[in-house]
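See below for entry32.pdb, which holds PDB, C-alpha atoms and all ligand atoms.
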MODEL        1
ATOM      1  CA  MET A  87     228.041  49.410  74.270
ATOM      2  CA  ALA A  88     230.543  46.983  72.812
ATOM      3  CA  ASN A  89     233.559  46.666  75.026
ATOM      4  CA  GLN A  90     236.581  44.725  73.955
ATOM      5  CA  MET A  91     237.115  41.899  76.401
ATOM      6  CA  ALA A  92     240.882  42.023  76.188
ATOM      7  CA  ASN A  93     242.332  43.936  79.130
ATOM      8  CA  GLN A  94     239.058  43.985  81.042
ATOM      9  CA  GLU A  95     239.614  43.511  84.733
ATOM     10  CA  PHE A  96     237.548  44.068  87.828
ATOM     11  CA  LEU A  97     239.314  44.490  91.153
ATOM     12  CA  GLY A  98     242.238  42.703  89.507
ATOM     13  CA  VAL A  99     240.161  39.785  88.187
ATOM     14  CA  LYS A 100     240.706  39.487  84.443
ATOM     15  CA  ALA A 101     237.967  38.544  81.983
ATOM     16  CA  GLU A 102     238.795  35.534  79.862
ATOM     17  CA  ARG A 103     237.102  34.806  76.579
ATOM     18  CA  ASN A 104     234.628  31.919  76.654
ATOM     19  CA  ALA A 105     235.396  31.159  80.292
ATOM     20  CA  VAL A 106     234.165  31.663  83.857
ATOM     21  CA  VAL A 107     236.665  33.093  86.338
ATOM     22  CA  ARG A 108     235.948  32.988  90.076
ATOM     23  CA  GLN A 109     238.173  34.661  92.587
ATOM     24  CA  ARG A 110     238.058  36.081  96.095
ATOM     25  CA  VAL A 111     239.800  39.434  96.279
ATOM     26  CA  PRO A 112     240.951  41.133  99.511
ATOM     27  CA  VAL A 113     239.084  44.389 100.034
ATOM     28  CA  GLY A 114     239.769  45.241 103.673
ATOM     29  CA  GLN A 115     240.071  43.701 107.085
ATOM     30  CA  LEU A 116     238.142  43.318 110.315
ATOM     31  CA  GLY A 117     239.250  45.028 113.502
ATOM     32  CA  ASP A 118     241.450  42.083 114.487
ATOM     33  CA  GLY A 119     243.150  41.991 111.103
ATOM     34  CA  THR A 120     241.100  39.143 109.628
ATOM     35  CA  PRO A 121     241.040  39.728 105.849
ATOM     36  CA  VAL A 122     237.718  40.532 104.169
ATOM     37  CA  THR A 123     237.420  39.350 100.580
ATOM     38  CA  LEU A 124     234.864  40.005  97.873
ATOM     39  CA  PRO A 125     233.714  37.064  95.745
ATOM     40  CA  VAL A 126     234.110  38.083  92.100
ATOM     41  CA  ILE A 127     232.739  36.057  89.184
ATOM     42  CA  VAL A 128     233.522  37.090  85.619
ATOM     43  CA  ILE A 129     231.856  35.297  82.718
ATOM     44  CA  GLY A 130     233.646  36.185  79.502
ATOM     45  CA  GLY A 131     231.554  35.558  76.411
ATOM     46  CA  LYS A 132     232.673  33.955  73.185
ATOM     47  CA  ASP A 133     232.202  37.267  71.374
ATOM     48  CA  ASP A 134     232.687  40.896  72.335
ATOM     49  CA  GLY A 135     229.661  42.834  73.535
ATOM     50  CA  PRO A 136     228.376  44.921  76.442
ATOM     51  CA  THR A 137     229.466  44.522  80.045
ATOM     52  CA  ILE A 138     226.816  44.060  82.710
ATOM     53  CA  TYR A 139     227.512  44.149  86.433
ATOM     54  CA  LEU A 140     225.187  42.077  88.646
ATOM     55  CA  GLN A 141     225.277  42.667  92.387
ATOM     56  CA  SER A 142     223.396  41.327  95.404
ATOM     57  CA  GLY A 143     223.807  41.121  99.145
ATOM     58  CA  ILE A 144     224.847  44.716  99.691
ATOM     59  CA  HIS A 145     222.400  44.367 102.546
ATOM     60  CA  GLY A 146     223.801  41.248 104.131
ATOM     61  CA  ASP A 147     220.503  39.636 105.098
ATOM     62  CA  GLU A 148     218.800  39.952 101.685
ATOM     63  CA  VAL A 149     219.331  36.372 100.662
ATOM     64  CA  THR A 150     216.513  36.143  98.107
ATOM     65  CA  GLY A 151     218.365  38.564  95.834
ATOM     66  CA  ILE A 152     221.559  36.591  96.316
ATOM     67  CA  GLU A 153     219.814  33.406  95.205
ATOM     68  CA  VAL A 154     218.368  35.144  92.134
ATOM     69  CA  LEU A 155     221.805  36.339  91.066
ATOM     70  CA  ARG A 156     223.229  32.879  91.680
ATOM     71  CA  GLY A 157     220.463  31.394  89.536
ATOM     72  CA  ILE A 158     221.130  33.783  86.648
ATOM     73  CA  LEU A 159     224.827  32.915  86.626
ATOM     74  CA  THR A 160     224.172  29.176  86.585
ATOM     75  CA  GLN A 161     221.979  29.582  83.492
ATOM     76  CA  VAL A 162     224.598  31.370  81.378
ATOM     77  CA  ASN A 163     226.923  29.432  79.123
ATOM     78  CA  PRO A 164     229.945  31.545  78.100
ATOM     79  CA  SER A 165     229.896  30.023  74.609
ATOM     80  CA  GLU A 166     226.430  31.545  74.094
ATOM     81  CA  LEU A 167     227.298  34.939  75.580
ATOM     82  CA  ARG A 168     228.244  38.194  73.868
ATOM     83  CA  GLY A 169     230.207  40.502  76.141
ATOM     84  CA  THR A 170     231.014  40.164  79.814
ATOM     85  CA  ILE A 171     229.024  39.468  82.960
ATOM     86  CA  VAL A 172     230.767  40.478  86.153
ATOM     87  CA  ALA A 173     229.056  39.619  89.421
ATOM     88  CA  VAL A 174     229.502  40.090  93.156
ATOM     89  CA  PRO A 175     226.787  37.963  94.825
ATOM     90  CA  THR A 176     227.674  38.841  98.421
ATOM     91  CA  ALA A 177     228.674  42.465  98.103
ATOM     92  CA  ASN A 178     228.821  43.017 101.864
ATOM     93  CA  PRO A 179     230.567  39.910 103.233
ATOM     94  CA  PRO A 180     230.823  41.037 106.890
ATOM     95  CA  ALA A 181     227.060  41.689 106.984
ATOM     96  CA  PHE A 182     226.306  38.468 105.098
ATOM     97  CA  ILE A 183     228.016  36.428 107.801
ATOM     98  CA  SER A 184     225.880  37.950 110.560
ATOM     99  CA  LYS A 185     222.744  38.024 108.338
ATOM    100  CA  THR A 186     222.252  41.681 109.134
ATOM    101  CA  ARG A 187     221.526  44.631 106.855
ATOM    102  CA  GLY A 188     224.819  46.351 107.679
ATOM    103  CA  PHE A 189     228.038  45.135 109.270
ATOM    104  CA  SER A 190     226.954  44.862 112.899
ATOM    105  CA  LEU A 191     230.452  45.423 114.325
ATOM    106  CA  GLU A 192     231.314  48.404 112.123
ATOM    107  CA  GLU A 193     233.231  51.190 113.767
ATOM    108  CA  ARG A 194     230.706  53.991 114.423
ATOM    109  CA  GLY A 195     228.193  51.780 112.658
ATOM    110  CA  PRO A 196     226.372  49.855 111.535
ATOM    111  CA  PHE A 197     226.026  51.670 108.212
ATOM    112  CA  ASP A 198     223.523  51.069 105.473
ATOM    113  CA  MET A 199     225.976  50.477 102.631
ATOM    114  CA  ASN A 200     223.440  51.668 100.083
ATOM    115  CA  ARG A 201     223.642  55.143 101.613
ATOM    116  CA  VAL A 202     227.439  55.618 101.478
ATOM    117  CA  PHE A 203     228.215  55.433  97.733
ATOM    118  CA  PRO A 204     230.526  56.204  96.051
ATOM    119  CA  GLY A 205     232.339  55.139  99.226
ATOM    120  CA  SER A 206     235.782  56.077 100.436
ATOM    121  CA  ALA A 207     239.103  54.310  99.933
ATOM    122  CA  HIS A 208     240.209  55.559 103.359
ATOM    123  CA  GLY A 209     236.959  55.231 105.282
ATOM    124  CA  VAL A 210     235.620  52.542 107.582
ATOM    125  CA  LEU A 211     235.209  49.035 106.199
ATOM    126  CA  SER A 212     231.708  49.532 104.732
ATOM    127  CA  GLU A 213     232.873  52.693 102.957
ATOM    128  CA  ARG A 214     235.958  50.927 101.593
ATOM    129  CA  ILE A 215     233.891  48.055 100.235
ATOM    130  CA  ALA A 216     231.422  50.523  98.690
ATOM    131  CA  HIS A 217     234.347  52.355  97.079
ATOM    132  CA  ALA A 218     235.619  49.129  95.518
ATOM    133  CA  LEU A 219     232.152  48.140  94.303
ATOM    134  CA  PHE A 220     231.560  51.505  92.726
ATOM    135  CA  HIS A 221     234.909  52.117  91.065
ATOM    136  CA  GLU A 222     235.939  48.565  90.182
ATOM    137  CA  PHE A 223     232.564  47.299  88.974
ATOM    138  CA  VAL A 224     229.831  49.898  88.417
ATOM    139  CA  MET A 225     232.140  52.386  86.679
ATOM    140  CA  LYS A 226     233.606  49.655  84.463
ATOM    141  CA  ALA A 227     230.255  48.265  83.315
ATOM    142  CA  ASP A 228     227.789  49.525  80.726
ATOM    143  CA  PHE A 229     224.876  48.540  82.927
ATOM    144  CA  THR A 230     224.391  47.569  86.587
ATOM    145  CA  VAL A 231     221.613  45.609  88.257
ATOM    146  CA  ASP A 232     221.488  45.549  92.060
ATOM    147  CA  PHE A 233     219.250  42.896  93.667
ATOM    148  CA  HIS A 234     217.554  43.582  97.004
ATOM    149  CA  SER A 235     214.876  42.110  99.259
ATOM    150  CA  ALA A 236     212.500  43.559 101.823
ATOM    151  CA  LEU A 237     213.562  44.694 105.270
ATOM    152  CA  ALA A 238     213.888  41.808 107.726
ATOM    153  CA  GLY A 239     210.483  40.553 108.802
ATOM    154  CA  CYS A 240     208.714  41.737 105.644
ATOM    155  CA  ASN A 241     207.975  40.268 102.280
ATOM    156  CA  ILE A 242     207.891  42.507  99.236
ATOM    157  CA  TYR A 243     206.059  42.152  95.973
ATOM    158  CA  PRO A 244     208.661  42.241  93.190
ATOM    159  CA  PHE A 245     209.308  45.588  91.590
ATOM    160  CA  ILE A 246     212.135  47.486  89.964
ATOM    161  CA  TYR A 247     213.176  51.091  90.419
ATOM    162  CA  VAL A 248     213.694  53.528  87.572
ATOM    163  CA  ASP A 249     215.605  56.001  89.710
ATOM    164  CA  PRO A 250     215.661  58.824  88.854
ATOM    165  CA  ASP A 251     212.847  58.853  86.322
ATOM    166  CA  ASP A 252     214.392  61.665  84.264
ATOM    167  CA  ASN A 253     216.948  61.684  81.477
ATOM    168  CA  GLU A 254     219.548  64.128  82.811
ATOM    169  CA  SER A 255     222.204  61.430  82.499
ATOM    170  CA  GLY A 256     221.036  60.356  79.043
ATOM    171  CA  THR A 257     220.410  56.794  80.253
ATOM    172  CA  LEU A 258     216.640  56.810  80.807
ATOM    173  CA  ASP A 259     215.745  54.850  77.661
ATOM    174  CA  VAL A 260     218.001  51.883  78.441
ATOM    175  CA  ARG A 261     216.940  51.871  82.094
ATOM    176  CA  VAL A 262     213.255  51.775  81.135
ATOM    177  CA  SER A 263     213.747  49.108  78.470
ATOM    178  CA  MET A 264     215.768  46.952  80.879
ATOM    179  CA  ALA A 265     213.177  47.388  83.644
ATOM    180  CA  ARG A 266     210.487  46.215  81.240
ATOM    181  CA  ALA A 267     212.625  43.308  80.109
ATOM    182  CA  PHE A 268     212.992  42.184  83.740
ATOM    183  CA  GLY A 269     209.224  41.853  83.647
ATOM    184  CA  THR A 270     207.939  42.775  87.100
ATOM    185  CA  GLU A 271     204.340  43.876  87.238
ATOM    186  CA  LEU A 272     205.392  47.015  89.075
ATOM    187  CA  VAL A 273     207.955  49.561  87.943
ATOM    188  CA  TYR A 274     208.578  52.376  90.406
ATOM    189  CA  HIS A 275     209.468  55.630  88.644
ATOM    190  CA  LYS A 276     211.240  57.472  91.431
ATOM    191  CA  LYS A 277     211.635  61.245  91.314
ATOM    192  CA  ARG A 278     215.132  62.665  91.497
ATOM    193  CA  GLY A 279     216.025  63.689  95.043
ATOM    194  CA  SER A 280     213.043  62.033  96.698
ATOM    195  CA  LYS A 281     213.550  60.313 100.027
ATOM    196  CA  LEU A 282     212.710  56.717 100.787
ATOM    197  CA  GLY A 283     210.615  57.216 103.883
ATOM    198  CA  THR A 284     212.893  59.404 105.973
ATOM    199  CA  SER A 285     216.023  58.072 104.311
ATOM    200  CA  VAL A 286     218.052  60.491 102.187
ATOM    201  CA  MET A 287     219.126  58.624  99.058
ATOM    202  CA  THR A 288     222.044  60.789  97.923
ATOM    203  CA  GLY A 289     224.453  57.938  98.688
ATOM    204  CA  ALA A 290     222.375  55.209  97.028
ATOM    205  CA  LEU A 291     224.054  53.257  94.269
ATOM    206  CA  SER A 292     221.422  54.239  91.694
ATOM    207  CA  THR A 293     221.762  57.944  92.576
ATOM    208  CA  GLN A 294     225.541  57.949  92.390
ATOM    209  CA  GLY A 295     225.544  55.812  89.253
ATOM    210  CA  ASP A 296     223.249  58.313  87.586
ATOM    211  CA  LEU A 297     225.458  61.251  88.605
ATOM    212  CA  HIS A 298     228.341  59.411  86.909
ATOM    213  CA  LYS A 299     226.173  58.668  83.847
ATOM    214  CA  LYS A 300     226.169  54.950  84.631
ATOM    215  CA  PRO A 301     222.749  53.271  84.316
ATOM    216  CA  VAL A 302     221.808  51.336  87.456
ATOM    217  CA  LEU A 303     218.583  49.456  88.165
ATOM    218  CA  MET A 304     217.616  48.211  91.597
ATOM    219  CA  ALA A 305     215.272  45.219  91.874
ATOM    220  CA  GLU A 306     213.346  44.479  95.082
ATOM    221  CA  LEU A 307     211.875  41.051  95.653
ATOM    222  CA  GLY A 308     210.957  38.689  98.429
ATOM    223  CA  GLU A 309     212.191  38.346 101.949
ATOM    224  CA  ALA A 310     215.392  38.948 103.827
ATOM    225  CA  GLN A 311     216.732  36.315 106.257
ATOM    226  CA  ARG A 312     215.341  33.464 104.156
ATOM    227  CA  ILE A 313     214.943  32.750 100.455
ATOM    228  CA  THR A 314     211.502  33.440  99.002
ATOM    229  CA  TRP A 315     211.473  30.611  96.492
ATOM    230  CA  ASP A 316     208.249  31.692  94.800
ATOM    231  CA  MET A 317     210.094  34.665  93.359
ATOM    232  CA  VAL A 318     213.373  33.081  92.373
ATOM    233  CA  GLY A 319     212.514  31.293  89.129
ATOM    234  CA  ARG A 320     210.616  34.200  87.638
ATOM    235  CA  SER A 321     213.341  36.652  88.647
ATOM    236  CA  VAL A 322     216.060  34.462  87.164
ATOM    237  CA  ASP A 323     214.053  34.460  83.938
ATOM    238  CA  GLY A 324     213.831  38.257  84.242
ATOM    239  CA  GLY A 325     217.592  38.516  84.577
ATOM    240  CA  LEU A 326     218.089  36.398  81.473
ATOM    241  CA  ASN A 327     215.595  38.660  79.687
ATOM    242  CA  MET A 328     217.760  41.656  80.555
ATOM    243  CA  LEU A 329     220.752  39.905  78.979
ATOM    244  CA  ARG A 330     218.650  39.351  75.831
ATOM    245  CA  GLU A 331     217.561  42.991  75.866
ATOM    246  CA  LEU A 332     221.225  44.069  75.807
ATOM    247  CA  GLY A 333     221.955  41.610  72.991
ATOM    248  CA  MET A 334     224.229  39.533  75.243
ATOM    249  CA  LEU A 335     222.095  36.410  74.782
ATOM    250  CA  ALA A 336     220.321  35.442  71.571
ATOM    251  CA  GLY A 337     216.607  36.081  71.147
ATOM    252  CA  LYS A 338     214.126  38.626  72.380
ATOM    253  CA  PRO A 339     212.963  38.918  75.999
ATOM    254  CA  VAL A 340     210.214  36.409  76.689
ATOM    255  CA  ALA A 341     206.926  38.152  77.451
ATOM    256  CA  THR A 342     205.654  37.740  81.006
ATOM    257  CA  LYS A 343     202.121  36.571  81.684
ATOM    258  CA  GLU A 344     201.038  39.616  83.619
ATOM    259  CA  PRO A 345     200.990  43.162  82.240
ATOM    260  CA  LEU A 346     203.240  45.861  83.692
ATOM    261  CA  ARG A 347     201.742  48.525  85.872
ATOM    262  CA  ASN A 348     203.642  51.742  86.374
ATOM    263  CA  VAL A 349     203.741  53.320  89.819
ATOM    264  CA  THR A 350     204.429  57.011  89.597
ATOM    265  CA  SER A 351     204.139  58.154  93.192
ATOM    266  CA  GLY A 352     204.489  56.734  96.654
ATOM    267  CA  LEU A 353     206.058  53.434  97.596
ATOM    268  CA  PRO A 354     204.674  50.123  96.444
ATOM    269  CA  ALA A 355     203.051  48.459  99.412
ATOM    270  CA  MET A 356     204.687  45.462 100.975
ATOM    271  CA  ILE A 357     202.186  42.914  99.800
ATOM    272  CA  PRO A 358     202.557  39.290 100.753
ATOM    273  CA  PRO A 359     202.427  37.360  97.492
ATOM    274  CA  ALA A 360     200.103  34.397  97.242
ATOM    275  CA  PRO A 361     202.054  31.205  97.856
ATOM    276  CA  LYS A 362     202.415  29.212  94.650
ATOM    277  CA  SER A 363     205.109  26.704  95.501
ATOM    278  CA  SER A 364     203.497  24.055  93.357
ATOM    279  CA  ALA A 365     203.713  26.378  90.370
ATOM    280  CA  LEU A 366     207.425  27.098  90.633
ATOM    281  CA  PRO A 367     209.055  27.445  87.231
ATOM    282  CA  ASN A 368     211.500  24.741  86.265
ATOM    283  CA  ALA A 369     214.466  27.002  86.909
ATOM    284  CA  ALA A 370     213.392  27.527  90.506
ATOM    285  CA  ARG A 371     212.742  23.829  91.078
ATOM    286  CA  ARG A 372     216.237  23.032  89.946
ATOM    287  CA  LEU A 373     217.623  25.677  92.268
ATOM    288  CA  VAL A 374     215.639  24.483  95.275
ATOM    289  CA  ASN A 375     217.575  21.285  95.289
ATOM    290  CA  ARG A 376     220.994  22.807  95.343
ATOM    291  CA  SER A 377     220.762  26.010  97.284
ATOM    292  CA  ARG A 378     224.144  26.907  98.671
ATOM    293  CA  PRO A 379     224.534  30.687  98.770
ATOM    294  CA  THR A 380     228.307  30.366  98.755
ATOM    295  CA  SER A 381     228.617  27.492  96.303
ATOM    296  CA  LEU A 382     229.612  29.688  93.387
ATOM    297  CA  TYR A 383     232.857  30.875  94.824
TER     298      TYR A 383
HETATM  299 ZN    ZN A 401     218.466  46.047 100.219
ENDMDL
END
Mind turning this structure into structure tokens?
Amino acid sequence: MANQMANQEFLGVKAERNAVVRQRVPVGQLGDGTPVTLPVIVIGGKDDGPTIYLQSGIHGDEVTGIEVLRGILTQVNPSELRGTIVAVPTANPPAFISKTRGFSLEERGPFDMNRVFPGSAHGVLSERIAHALFHEFVMKADFTVDFHSALAGCNIYPFIYVDPDDNESGTLDVRVSMARAFGTELVYHKKRGSKLGTSVMTGALSTQGDLHKKPVLMAELGEAQRITWDMVGRSVDGGLNMLRELGMLAGKPVATKEPLRNVTSGLPAMIPPAPKSSALPNAARRLVNRSRPTSLY
């Protein structure tokens, strides 16, 4: 998984060695012609190595995941990085603005964007954005992590999906090792083809990634609509552990305090975590003071 950084580009944004590049790239337009742009951040390491794609906000109201991704990026120094991190922190900008799961004014919508992958270059706006995310980022990366939060009004105990939990694509080992490196207590081994409640998951990013032999993990943590700070610091640490697991940062993943439990059937319950604000890790405390979801781009 060692890509050469030269000539790497994502939706036209070029990776630069030992540098951070931030750009907003047009990806469509609203009904009145207002341009819609995706925020793209590319951190080019000092040395060649794997390429990881980090995504959040595909559901526009899931701000806890957005803050986790933001926190990971602020902790990475390009001079200490091997390979390339490419990130889209607000992957569904129209829905982010209205703080809704899907774009509320979508033609024939709203759509759940995580049900329309791999998208369509000639579809409605949500499908066009999904098409760009899939082909310009997921397909160009060695590994993808997609950060989510609970449905609006709920809180969700952090877990990560291994979806599907088989090795038809030949990527199971790296998906399992990366899920463990992230360090949630719960890892949900999801059977191929299983529904999420009544929702058919054929168009989910993890499903389509797997069909294209691209390993994708989906992390679920905290609340939508507002940032669940108790989960941010630990999840940022988990993201950095995944970079260590891929050899992109020096050192081994740091062991978490609690052991992993594997969930093999059913959905993890939406359990309200015990509030532990006073025990926030240092990383989270630093982030609390400068939370600006759009400050990176
Ligand atoms: Zn989501």
Check your understanding: Just so the selection is clear, what residues does the PyMOL selection byres (((not hetatm)) within 7 of (chain A and resi 401)) cover here, as number ranges by chain?
Key -> A: 144-145, 148, 234-236
If you take every atom of range 296-310 of chain A that the file lists and fit an axis-aligned box around them with 8 Å extra on each side, what centre and edge lengths come out in Å to one decimal, as JSON?
{"center_x": 219.6, "center_y": 49.8, "center_z": 93.8, "size_x": 33.4, "size_y": 38.9, "size_z": 36.0}
Point to revise | Polymer residues at most 7 Å from Met287 in chain A, all atoms listed in the file, same-chain spacing of 5 or more positions, as number ranges by chain | key: A: 201, 281-282
Practice item. Check what the PyMOL selection byres (((chain A and resi 240-257) around 8) and not hetatm) selects in the file above and give those residues as a PyMOL selection string. Key: chain A and resi 235-239+258-262+265+270-279+292-293+296-301+303-310+317+355-359
Point to revise | Proximity to Pro196 in chain A - best of A:Leu332, A:Ala181, A:Leu159, A:Met225, only C-alpha atoms | key: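 For Pro196 in chain A, the nearest of the candidates is A:Ala181.
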Expected selection from the PyMOL selection byres (((chain A and resi 323) around 9) and not hetatm), given as a PDB file with C-alpha atoms, keeping the file's coordinate frame:
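Produced file result33.pdb, reproduced below:
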ATOM      1  CA  ILE A 158     221.130  33.783  86.648  1.00  0.00           C
ATOM      2  CA  PHE A 268     212.992  42.184  83.740  1.00  0.00           C
ATOM      3  CA  GLY A 269     209.224  41.853  83.647  1.00  0.00           C
ATOM      4  CA  VAL A 318     213.373  33.081  92.373  1.00  0.00           C
ATOM      5  CA  GLY A 319     212.514  31.293  89.129  1.00  0.00           C
ATOM      6  CA  ARG A 320     210.616  34.200  87.638  1.00  0.00           C
ATOM      7  CA  SER A 321     213.341  36.652  88.647  1.00  0.00           C
ATOM      8  CA  VAL A 322     216.060  34.462  87.164  1.00  0.00           C
ATOM      9  CA  GLY A 324     213.831  38.257  84.242  1.00  0.00           C
ATOM     10  CA  GLY A 325     217.592  38.516  84.577  1.00  0.00           C
ATOM     11  CA  LEU A 326     218.089  36.398  81.473  1.00  0.00           C
ATOM     12  CA  ASN A 327     215.595  38.660  79.687  1.00  0.00           C
ATOM     13  CA  MET A 328     217.760  41.656  80.555  1.00  0.00           C
ATOM     14  CA  VAL A 340     210.214  36.409  76.689  1.00  0.00           C
ATOM     15  CA  ALA A 369     214.466  27.002  86.909  1.00  0.00           C
TER      16      ALA A 369
END
Review point. At what distance in Å, to one decimal, does CA of Thr150 in chain A lie from CA of Thr314 in chain A?
Key: 5.8 Å
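Comparing A:Gly209, A:Gly135, A:Gly188, A:Pro180 by their smallest distance to Asp228 in chain A, the closest is A:Gly135 (using all atoms listed in the file).
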What would range 245-266 of chain A look like if you wrote it out as a compact mmCIF listing (two decimals), in the first residue's frame, with N, CA and C atoms included, from the block I just posted?
# COMPACT_ATOMS: atom_id res chain seq x y z
N PHE A 245 -19.07 2.69 18.26
CA PHE A 245 -18.71 1.39 17.71
C PHE A 245 -18.26 1.56 16.26
N ILE A 246 -17.71 0.51 15.71
CA ILE A 246 -17.24 0.55 14.33
C ILE A 246 -17.77 -0.68 13.62
N TYR A 247 -18.15 -0.48 12.37
CA TYR A 247 -18.66 -1.59 11.57
C TYR A 247 -17.53 -2.30 10.84
N VAL A 248 -17.53 -3.63 10.88
CA VAL A 248 -16.79 -4.43 9.91
C VAL A 248 -17.87 -4.98 8.98
N ASP A 249 -18.00 -4.35 7.82
CA ASP A 249 -19.16 -4.59 6.95
C ASP A 249 -18.70 -4.72 5.50
N PRO A 250 -18.83 -5.88 4.89
CA PRO A 250 -19.34 -7.13 5.46
C PRO A 250 -18.24 -7.84 6.24
N ASP A 251 -18.65 -8.83 7.03
CA ASP A 251 -17.68 -9.51 7.89
C ASP A 251 -17.09 -10.74 7.21
N ASP A 252 -17.07 -10.73 5.86
CA ASP A 252 -16.43 -11.83 5.14
C ASP A 252 -15.26 -11.29 4.32
N ASN A 253 -14.55 -12.21 3.68
CA ASN A 253 -13.32 -11.81 2.99
C ASN A 253 -13.43 -11.96 1.48
N GLU A 254 -14.63 -11.81 0.94
CA GLU A 254 -14.78 -11.95 -0.52
C GLU A 254 -13.94 -10.95 -1.28
N SER A 255 -13.76 -9.77 -0.71
CA SER A 255 -12.97 -8.73 -1.38
C SER A 255 -11.48 -8.84 -1.07
N GLY A 256 -11.12 -9.73 -0.15
CA GLY A 256 -9.71 -9.86 0.23
C GLY A 256 -9.22 -8.76 1.16
N THR A 257 -10.14 -8.00 1.75
CA THR A 257 -9.73 -6.87 2.59
C THR A 257 -10.10 -7.05 4.07
N LEU A 258 -10.58 -8.25 4.43
CA LEU A 258 -11.09 -8.41 5.80
C LEU A 258 -10.00 -8.17 6.84
N ASP A 259 -8.81 -8.70 6.61
CA ASP A 259 -7.76 -8.60 7.63
C ASP A 259 -7.46 -7.15 7.97
N VAL A 260 -7.28 -6.30 6.95
CA VAL A 260 -6.93 -4.90 7.23
C VAL A 260 -8.12 -4.17 7.86
N ARG A 261 -9.33 -4.53 7.47
CA ARG A 261 -10.49 -3.88 8.08
C ARG A 261 -10.61 -4.24 9.57
N VAL A 262 -10.35 -5.50 9.89
CA VAL A 262 -10.42 -5.92 11.30
C VAL A 262 -9.29 -5.28 12.10
N SER A 263 -8.09 -5.27 11.55
CA SER A 263 -6.96 -4.70 12.30
C SER A 263 -7.16 -3.20 12.50
N MET A 264 -7.72 -2.52 11.52
CA MET A 264 -7.96 -1.08 11.66
C MET A 264 -9.10 -0.81 12.65
N ALA A 265 -10.12 -1.66 12.63
CA ALA A 265 -11.21 -1.49 13.60
C ALA A 265 -10.68 -1.65 15.02
N ARG A 266 -9.81 -2.61 15.21
CA ARG A 266 -9.23 -2.82 16.55
C ARG A 266 -8.32 -1.67 16.93
